[in-house]
2 protein chains.
Amino acid sequence: MQALKKRVSVKRDDPHKAPKGSGRRPRRAAYHQGLSRDTIAAAALALIDRDGLDALSYRRLAEALGCEAMSLYHYFPSKGHLTDAIIDCVFGALEVPLPGPPWIERVRLAARNYRAMALGHPKLYPLMAVHRMNTVIGVRKLDEIIGLFREGGFDDATAARLFRDVGYYLTGAALDETAGYAKGPSSAEPVSDEAIARDCPNLAAVAGYFKPDSFAPTFEQGLDLLLEGIARLRKKA
Amino acid sequence: MQALKKRVSVKRDDPHKAPKGSGRRPRRAAYHQGLSRDTIAAAALALIDRDGLDALSYRRLAEALGCEAMSLYHYFPSKGHLTDAIIDCVFGALEVPLPGPPWIERVRLAARNYRAMALGHPKLYPLMAVHRMNTVIGVRKLDEIIGLFREGGFDDATAARLFRDVGYYLTGAALDETAGYAKGPSSAEPVSDEAIARDCPNLAAVAGYFKPDSFAPTFEQGLDLLLEGIARLRKKA
DNA sequence: ACCTGAACACCGTTCAAGT
DNA sequence: ACCTGAACACCGTTCAAGT
């Protein structure tokens with residue numbers, strides 16, 4: 001994933017080499033204060049949203065925050081800790097519908113909320129998709145979603161499987177819409193449209209249905225298939 | 001993704017500093033020959049399969065091949081080109097069932113083949129999942145799969161959507177089985193089992209169904225839901 | 001407790017030079 | 001045509017030191 005972006009060698013000037021005061025000896029930037037886990041994680045998320053996953057480094061994040069890179073280690077002792085916090089921010093805000101509406105509609109709404117969450121942070125999502133939720137906030141959100149499935153009236157084994165099956169669909173859909181075909185070529189040497197027209201008749205025939213305005217109907221069709229199947233399972237149980 | 005692995009600082013000795021001949025001036029390693037795109041890509045895949053995605057670097061790959069890192073640039077002018085070739089190796093080998101069996105069973109078989117492909121290279125798959133297929137081999141394989149869906153007798157719009165919907169499910173399932181919950185903690189500070197038992201009653205209740213021996217039934221249940229829905233759509237059309 | 005600078009072991013990639 | 005070494009601009013992270 002990190003491999004596909006070209007390195008640009010802009011020589012960013014060292015802020016300590018010739019500080020704006022330009023006194024005799026290099027004056028230091030003001031001793032920074034007022035960092036916190038929340039502000040750092042929020043700045044990191046904003047950096048990803050704007051410049052993409054590869055732009056997130058301790059050095060660049062520190063620059064955005066006006067502190068030194070090493071200061072961040074006091075709050076996040078490794079990049080893994082920071083990643084966890086960023087994802088907590090986004091995943092923790094996912095709304096799981098409370099009891100009230102018909103059960104199957106609650107699942108449908110939860111699915112749509114998940115999709116909206118991913119589309120709200122398209123550059124972050126590919127990291128979320130391969131990330132395992134194992135923070136306090138993460139497992140509690142998972143617990144909430146599993147609870148929704150258990151309220152469907154299945155035995156636990158079926159509820160557990162349905163939770164995962166719907167999750168599979170949502171993960172794949174969100175990944176496709178954020179990192180997939182519509183995002184432009186990620187290959188180093190993309191195949192030309194002419195070559196596709198010549199060698200890939202099926203792909204050429206349906207290419208029109210792979211554009212962004214087909215995303216929502218594609219998502220809804222698959223969700224319908226799953227939810228209808230689940231509703232039928234429910235009646236049998 | 002690359003962030004979560006600890007850097008170990010083993011000091012690997014420079015092979016050119018004190019060559020085994022140990023003559024007066026540093027004798028060079030034999031001028032290497034016989035590299036090719038195929039052997040390099042195969043070695044890269046083997047390296048990933050054994051040591052994981054993070055282990056793939058031009059320097060380490062060159063070490064495995066007995067050449068210098070820079071030699072590889074002659075065959076793959078960037079890591080993106082190499083990544084494309086590795087994924088072509090695996091995705092290009094996916095078998096899409098030919099006409100013969102009932103159509104819905106061909107789709108089922110293709111789905112199982114896809115899962116088997118992912119499980120055959122579990123450490124590579126998370127990269128495949130976020131990778132866009134845009135090589136000649138990649139788009140031809142996609143064309144083949146889209147062809148299968150078009151043979152189902154739907155209008156093109158529906159066939160295109162079903163192709164994607166099934167793909168969503170397969171991507172999510174394969175990702176979960178290769179990078180997901182069962183892989184052990186990826187979080188920097190994983191939540192303890194006691195904390196889960198205390199705070200996450202739903203998760204605790206179904207945790208037994210998230211173990212590896214539940215993967216296959218979970219996969220088959222979701223696949224059944226989708227395929228039954230698709231079969232019903234077909235009758236209506 | 002919180003922040004900093006220098007240093008280390010890695011990366012991908014460029015370039016000029018060897019065979 | 002194919003292979004190499006040195007160099008550059010990045011990384012994440014450690015450490016000893018500052019406030």
# chains A, B, ... in the order shown; residues from 1 in each chain; ligands from 1
$ closest_atom_pairs --of "segment 33-65 of chain B" --to "segment 2-19 of chain D" --cutoff "10 Å" --atoms "only C-alpha atoms (C1' of nucleotides)" --output "JSON lines"
{"residue": "B:Gln33", "atom": "CA", "partner": "D:DC3", "partner_atom": "C1'", "distance": 8.0}
{"residue": "B:Gly34", "atom": "CA", "partner": "D:DC2", "partner_atom": "C1'", "distance": 9.6}
{"residue": "B:Leu35", "atom": "CA", "partner": "D:DC2", "partner_atom": "C1'", "distance": 9.4}
$ write_last_selection --atoms "N, CA and C atoms" --output "PDB file, in the first residue's frame"
ATOM      1  N   GLN B  33      24.122 -13.034 -12.713  1.00  0.00           N
ATOM      2  CA  GLN B  33      23.392 -13.099 -13.977  1.00  0.00           C
ATOM      3  C   GLN B  33      22.184 -14.008 -13.854  1.00  0.00           C
ATOM      4  N   GLY B  34      21.312 -13.943 -14.849  1.00  0.00           N
ATOM      5  CA  GLY B  34      20.211 -14.894 -14.918  1.00  0.00           C
ATOM      6  C   GLY B  34      18.974 -14.484 -14.149  1.00  0.00           C
ATOM      7  N   LEU B  35      18.861 -13.199 -13.841  1.00  0.00           N
ATOM      8  CA  LEU B  35      17.623 -12.719 -13.245  1.00  0.00           C
ATOM      9  C   LEU B  35      16.552 -12.631 -14.327  1.00  0.00           C
TER      10      LEU B  35
END
$ residues_around --residues "Glu189 of chain B" --least-positions-apart "4" --cutoff "12 Å" --atoms "only C-alpha atoms (C1' of nucleotides)" --output "number ranges by chain"
A: 76-85, 132-138; B: 4, 184-185
$ select_by_dssp --residues "segment 10-178 of chain A" --states "helix (DSSP H, G or I)" --output "ChimeraX atom specification"
/A:37-51,53-55,58-65,69-74,79-91,103-120,125-130,136-150,156-178
$ residues_around --residues "Tyr209 of chain B" --least-positions-apart "4" --cutoff "12 Å" --atoms "only C-alpha atoms (C1' of nucleotides)" --output "ChimeraX atom specification"
/A:146,155-164 /B:181-182,202-205,213-218
$ atom_distance --atom1 "atom CA of Glu177 of chain A" --atom2 "atom CA of Ala207 of chain A"
15.0 Å
$ closest_atom_pairs --of "chain A" --to "chain C" --cutoff "8 Å" --atoms "only C-alpha atoms (C1' of nucleotides)" --output "CSV"
residue,atom,partner,partner_atom,distance
A:Arg7,CA,C:DG12,C1',7.8
A:Tyr31,CA,C:DC3,C1',7.1
A:His32,CA,C:DC3,C1',7.0
A:Glu68,CA,C:DT4,C1',6.9
A:Met70,CA,C:DT4,C1',7.1
A:Ser71,CA,C:DC3,C1',5.6
A:His74,CA,C:DC2,C1',7.6
$ closest_residue --among "B:Asp51, B:Glu95, B:Glu105, B:Asp193" --to "chain A" --atoms "only C-alpha atoms"
B:Asp193
